[in-house]
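Printed here is entry_34.tsv (TSV, C-alpha atoms):
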```tsv
chain	number	residue	atom	x	y	z
C	1	ALA	CA	9.87	19.93	-59.94
C	2	TYR	CA	6.25	20.96	-60.11
C	3	PRO	CA	4.07	21.68	-63.12
C	4	THR	CA	3.97	25.38	-63.96
C	5	SER	CA	0.38	25.90	-62.81
C	6	GLU	CA	1.24	24.26	-59.49
C	7	ILE	CA	4.16	26.67	-58.99
C	8	VAL	CA	1.82	29.61	-59.54
C	9	ARG	CA	-0.78	28.14	-57.17
C	10	ARG	CA	1.85	27.60	-54.47
C	11	ALA	CA	3.12	31.15	-54.97
C	12	LYS	CA	-0.41	32.43	-54.33
C	13	GLU	CA	-0.72	30.27	-51.20
C	14	ALA	CA	2.60	31.68	-49.99
C	15	GLY	CA	1.21	35.21	-50.34
C	16	LEU	CA	3.14	36.23	-53.43
C	17	THR	CA	1.41	38.56	-55.87
C	18	ILE	CA	4.08	38.82	-58.60
C	19	ILE	CA	6.41	36.06	-59.82
C	20	SER	CA	8.53	35.05	-62.77
C	21	ILE	CA	9.37	31.50	-63.80
C	22	THR	CA	12.59	31.13	-65.78
C	23	ASP	CA	14.17	28.20	-67.56
C	24	HIS	CA	17.45	27.94	-69.44
C	25	ASP	CA	16.98	29.01	-73.06
C	26	ASN	CA	13.27	28.23	-72.96
C	27	VAL	CA	10.06	30.25	-72.71
C	28	GLY	CA	7.78	27.27	-73.29
C	29	ALA	CA	6.14	27.56	-69.86
C	30	VAL	CA	5.36	31.29	-70.05
C	31	ASP	CA	1.89	30.95	-71.61
C	32	GLU	CA	0.85	28.33	-69.04
C	33	ALA	CA	2.24	30.51	-66.25
C	34	LEU	CA	0.36	33.57	-67.53
C	35	GLU	CA	-2.89	31.59	-67.69
C	36	ALA	CA	-2.38	30.18	-64.19
C	37	GLY	CA	-1.55	33.68	-62.98
C	38	ARG	CA	-4.89	34.98	-64.27
C	39	ARG	CA	-6.65	32.02	-62.62
C	40	TYR	CA	-4.97	32.50	-59.21
C	41	GLY	CA	-4.61	36.28	-59.20
C	42	VAL	CA	-0.81	36.31	-59.48
C	43	GLU	CA	0.98	38.61	-61.91
C	44	VAL	CA	3.46	36.59	-63.98
C	45	ILE	CA	6.41	38.32	-65.60
C	46	PRO	CA	7.87	36.54	-68.67
C	47	GLY	CA	11.40	35.37	-67.89
C	48	VAL	CA	14.25	33.33	-69.30
C	49	GLU	CA	17.76	32.40	-68.21
C	50	LEU	CA	20.55	32.69	-70.75
C	51	SER	CA	24.04	31.30	-70.34
C	52	ALA	CA	26.83	33.55	-71.49
C	53	GLY	CA	30.54	33.44	-71.06
C	54	VAL	CA	33.91	35.03	-71.36
C	55	GLY	CA	36.58	32.38	-71.81
C	56	GLU	CA	35.93	29.64	-69.24
C	57	GLN	CA	33.93	31.98	-66.97
C	58	GLU	CA	30.20	31.31	-67.30
C	59	VAL	CA	27.50	33.74	-66.23
C	60	HIS	CA	23.76	33.27	-66.14
C	61	ILE	CA	21.71	36.25	-67.27
C	62	LEU	CA	18.11	36.45	-66.12
C	63	ALA	CA	15.90	38.38	-68.50
C	64	TYR	CA	12.46	39.80	-67.77
C	65	PHE	CA	9.65	41.87	-69.31
C	66	PHE	CA	10.33	40.84	-72.91
C	67	ASP	CA	7.94	39.70	-75.62
C	68	HIS	CA	8.07	35.93	-75.19
C	69	LYS	CA	6.61	35.46	-78.69
C	70	ASN	CA	9.29	37.55	-80.45
C	71	GLN	CA	10.41	35.41	-83.41
C	72	HIS	CA	14.02	36.62	-83.32
C	73	LEU	CA	14.25	35.61	-79.65
C	74	LEU	CA	12.50	32.27	-80.25
C	75	ASP	CA	14.87	31.41	-83.11
C	76	HIS	CA	17.89	32.05	-80.90
C	77	LEU	CA	16.43	30.06	-77.99
C	78	THR	CA	15.78	27.11	-80.32
C	79	PHE	CA	19.39	27.29	-81.51
C	80	PHE	CA	20.67	27.39	-77.90
C	81	ARG	CA	18.52	24.37	-76.92
C	82	MET	CA	19.76	22.40	-79.93
C	83	GLU	CA	23.35	23.21	-78.93
C	84	ARG	CA	22.59	21.87	-75.44
C	85	ILE	CA	21.37	18.58	-76.94
C	86	LYS	CA	24.47	18.34	-79.15
C	87	ARG	CA	26.66	18.92	-76.07
C	88	ALA	CA	24.79	16.21	-74.15
C	89	GLU	CA	25.32	13.83	-77.08
C	90	ARG	CA	29.06	14.57	-77.09
C	91	ILE	CA	29.28	14.01	-73.33
C	92	ILE	CA	27.39	10.72	-73.62
C	93	GLU	CA	29.68	9.63	-76.45
C	94	LYS	CA	32.70	10.32	-74.24
C	95	LEU	CA	31.09	8.47	-71.33
C	96	ASN	CA	30.36	5.49	-73.58
C	97	GLY	CA	34.02	5.57	-74.66
C	98	LEU	CA	34.88	5.26	-70.96
C	99	ASN	CA	32.63	2.17	-70.73
C	100	VAL	CA	29.88	4.11	-68.96
C	101	PRO	CA	26.70	2.92	-70.74
C	102	LEU	CA	24.50	6.01	-70.46
C	103	THR	CA	21.91	6.76	-73.15
C	104	LEU	CA	20.51	10.05	-74.42
C	105	ASP	CA	17.01	8.77	-73.62
C	106	ALA	CA	17.93	8.40	-69.93
C	107	VAL	CA	19.25	11.96	-69.88
C	108	MET	CA	16.28	13.46	-71.75
C	109	GLU	CA	13.93	11.71	-69.33
C	110	GLN	CA	15.57	13.76	-66.58
C	111	ALA	CA	15.33	17.00	-68.55
C	112	GLY	CA	11.63	16.59	-69.33
C	113	MET	CA	10.37	19.65	-71.19
C	114	GLY	CA	13.25	21.83	-70.00
C	115	SER	CA	16.63	22.46	-71.55
C	116	VAL	CA	19.10	19.63	-71.04
C	117	GLY	CA	22.30	20.21	-69.12
C	118	ARG	CA	24.97	18.51	-67.07
C	119	PRO	CA	22.74	18.29	-63.97
C	120	HIS	CA	20.41	16.01	-65.95
C	121	ILE	CA	23.37	13.88	-67.03
C	122	ALA	CA	24.59	13.65	-63.43
C	123	THR	CA	21.14	12.64	-62.20
C	124	ALA	CA	20.80	10.02	-64.95
C	125	LEU	CA	24.24	8.59	-64.11
C	126	PHE	CA	23.27	8.30	-60.46
C	127	GLU	CA	19.79	6.89	-61.09
C	128	GLN	CA	21.19	4.33	-63.54
C	129	GLY	CA	23.63	3.20	-60.84
C	130	LEU	CA	26.61	4.36	-62.90
C	131	THR	CA	27.87	6.64	-60.11
C	132	ASP	CA	27.44	6.48	-56.35
C	133	SER	CA	26.12	10.03	-56.17
C	134	TYR	CA	25.07	13.02	-58.21
C	135	HIS	CA	28.25	14.85	-57.17
C	136	GLU	CA	30.48	11.93	-58.12
C	137	ALA	CA	29.27	12.32	-61.72
C	138	PHE	CA	30.82	15.80	-61.79
C	139	TYR	CA	34.09	15.12	-60.01
C	140	LYS	CA	34.70	11.81	-61.78
C	141	TYR	CA	33.32	12.39	-65.30
C	142	ILE	CA	31.58	15.59	-66.38
C	143	GLY	CA	33.08	18.44	-64.34
C	144	TYR	CA	35.44	20.95	-65.91
C	145	GLY	CA	38.65	19.19	-66.91
C	146	LYS	CA	37.24	15.69	-66.35
C	147	PRO	CA	37.33	13.00	-69.07
C	148	ALA	CA	33.76	13.46	-70.35
C	149	TYR	CA	33.62	17.26	-70.03
C	150	GLU	CA	32.49	19.17	-73.10
C	151	LYS	CA	32.59	22.92	-73.43
C	152	LYS	CA	29.21	24.60	-73.81
C	153	HIS	CA	28.39	26.82	-76.78
C	154	GLN	CA	28.32	30.30	-75.33
C	155	VAL	CA	27.47	33.78	-76.42
C	156	SER	CA	29.02	36.89	-74.94
C	157	PRO	CA	27.12	38.66	-72.16
C	158	GLN	CA	26.76	41.63	-74.53
C	159	ALA	CA	25.15	39.44	-77.23
C	160	ALA	CA	22.74	37.91	-74.68
C	161	ILE	CA	21.72	41.34	-73.43
C	162	GLU	CA	21.27	42.61	-77.00
C	163	LEU	CA	19.06	39.60	-77.78
C	164	ILE	CA	16.81	40.31	-74.80
C	165	ALA	CA	16.73	44.05	-75.57
C	166	SER	CA	15.70	43.26	-79.17
C	167	ALA	CA	12.65	41.50	-77.73
C	168	GLY	CA	11.79	44.46	-75.50
C	169	GLY	CA	13.31	43.11	-72.26
```

Step by step, read the file and then write its structure as structure tokens.
Amino acid sequence: AYPTSEIVRRAKEAGLTIISITDHDNVGAVDEALEAGRRYGVEVIPGVELSAGVGEQEVHILAYFFDHKNQHLLDHLTFFRMERIKRAERIIEKLNGLNVPLTLDAVMEQAGMGSVGRPHIATALFEQGLTDSYHEAFYKYIGYGKPAYEKKHQVSPQAAIELIASAGG
């Protein structure tokens, strides 16, 4: 994981002239990416990744060319990020109930400035020595149907697309 400006610089070195950097439910890096793009001569397209679902089927919708300062969009992204934190807290509570002493701080350290998700929990479990591997965290604890699994708050694909369209994307 590189800082945003480093990603743009490396894109330029690789010969790319147009890129988009997306994060789950977060446009916090867009301004830095746009600035770095101007500095390195790379066009940066605002992007975001939204999770949507139908039943247990999850889809990831990549959105581009929207107004990343649109207040309606920002409000929804804040809500989605808060739901991710609440889910992480519920997973950690279940893990603690299974005598797995993971803390939210350890998970948030993995997430950094990005949106928190199960990959961060799996990495924290492994780095804390609570599992033997990243993958073991999923198949033993946090994968679908496992004892610490928690369903994610999801919107329909139609609602996600309408949100992006409302911001011009």

Mind dumping a table of every range 5-98 of chain C residue within 8 Å of range 112-127 of chain C, with the nearest atom pair and its distance in Å to one decimal, using only C-alpha atoms, sorted by chain and rising number, as CSV?
```
residue,atom,partner,partner_atom,distance
C:Asp23,CA,C:Gly114,CA,6.9
C:His24,CA,C:Ser115,CA,5.9
C:Asp25,CA,C:Ser115,CA,6.7
C:Asn26,CA,C:Ser115,CA,6.8
C:Arg81,CA,C:Ser115,CA,6.0
C:Arg84,CA,C:Val116,CA,6.0
C:Ile85,CA,C:Val116,CA,6.4
C:Ala88,CA,C:Gly117,CA,6.9
```

Non-local contacts of Glu58 in chain C (12 Å; only C-alpha atoms; under 5 positions in same chain excluded) as a ChimeraX atom specification: /C:50-53,144,151-157

Residues near Val27 in chain C, cut-off 10 Å, only C-alpha atoms, skip fewer than 4 positions along chain, as a PDB file with C-alpha atoms, keeping the file's coordinate frame:
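Okay, this is what ended up in around12.pdb:
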```pdb
ATOM      1  CA  ILE C  21       9.370  31.500 -63.800  1.00  0.00           C
ATOM      2  CA  THR C  22      12.590  31.130 -65.780  1.00  0.00           C
ATOM      3  CA  ASP C  23      14.170  28.200 -67.560  1.00  0.00           C
ATOM      4  CA  ASP C  31       1.890  30.950 -71.610  1.00  0.00           C
ATOM      5  CA  PRO C  46       7.870  36.540 -68.670  1.00  0.00           C
ATOM      6  CA  GLY C  47      11.400  35.370 -67.890  1.00  0.00           C
ATOM      7  CA  VAL C  48      14.250  33.330 -69.300  1.00  0.00           C
ATOM      8  CA  GLU C  49      17.760  32.400 -68.210  1.00  0.00           C
ATOM      9  CA  HIS C  68       8.070  35.930 -75.190  1.00  0.00           C
ATOM     10  CA  LYS C  69       6.610  35.460 -78.690  1.00  0.00           C
ATOM     11  CA  LEU C  73      14.250  35.610 -79.650  1.00  0.00           C
ATOM     12  CA  LEU C  74      12.500  32.270 -80.250  1.00  0.00           C
ATOM     13  CA  LEU C  77      16.430  30.060 -77.990  1.00  0.00           C
ATOM     14  CA  GLY C 114      13.250  21.830 -70.000  1.00  0.00           C
TER      15      GLY C 114
END
```

Test item: which residues lie within 9 Å of (3.5, 33.8, -62.8) counting all atoms listed in the file, as a PyMOL selection string: chain C and resi 4-5+7-8+11+17-21+30+32-38+42-46

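The coordinates place CA of Phe80 in chain C at 17.7 Å from CA of Leu104 in chain C.
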
Pairwise distance for CA of Lys140 in chain C and CA of Ala106 in chain C, rounded to one decimal in Å: 19.0 Å

Expected answer as a ChimeraX atom specification: all residues with atoms within 9 Å of (30.5, 4.6, -65.9), all atoms listed in the file: /C:95-96,98-102,125,129-131,137,141

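Interatomic distance, CA of Tyr2 in chain C to CA of Ala111 in chain C: 13.0 Å.
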
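Across C:Ile92, C:Ala165, C:Ala14, C:Ile61, the tightest approach to Met108 in chain C is made by C:Ile92 when counting all atoms listed in the file.
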
From C:Ser133, C:Lys146, C:Leu62, C:Gln57, residue lying nearest Lys94 in chain C [only C-alpha atoms]: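 When distances to Lys94 in chain C are compared using only C-alpha atoms, the smallest one comes from C:Lys146.
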
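Nearest residue to Ser166 in chain C, choosing from C:Arg9, C:Arg90, C:His60, C:His72 and counting all atoms listed in the file: C:His72.
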
Close residues, Gly168 in chain C itself excluded, 9 Å, only C-alpha atoms, min 4 positions apart in chain, as a list in words: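 Using only C-alpha atoms, the neighbours found are Phe65, Phe66, Asp67, Asn70 and Ile164 of chain C.
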
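Ranking C:Tyr64, C:Glu13, C:Val59, C:Arg87 by their shortest atom-to-atom distance to Ala167 in chain C, with all atoms listed in the file included, puts C:Tyr64 first.
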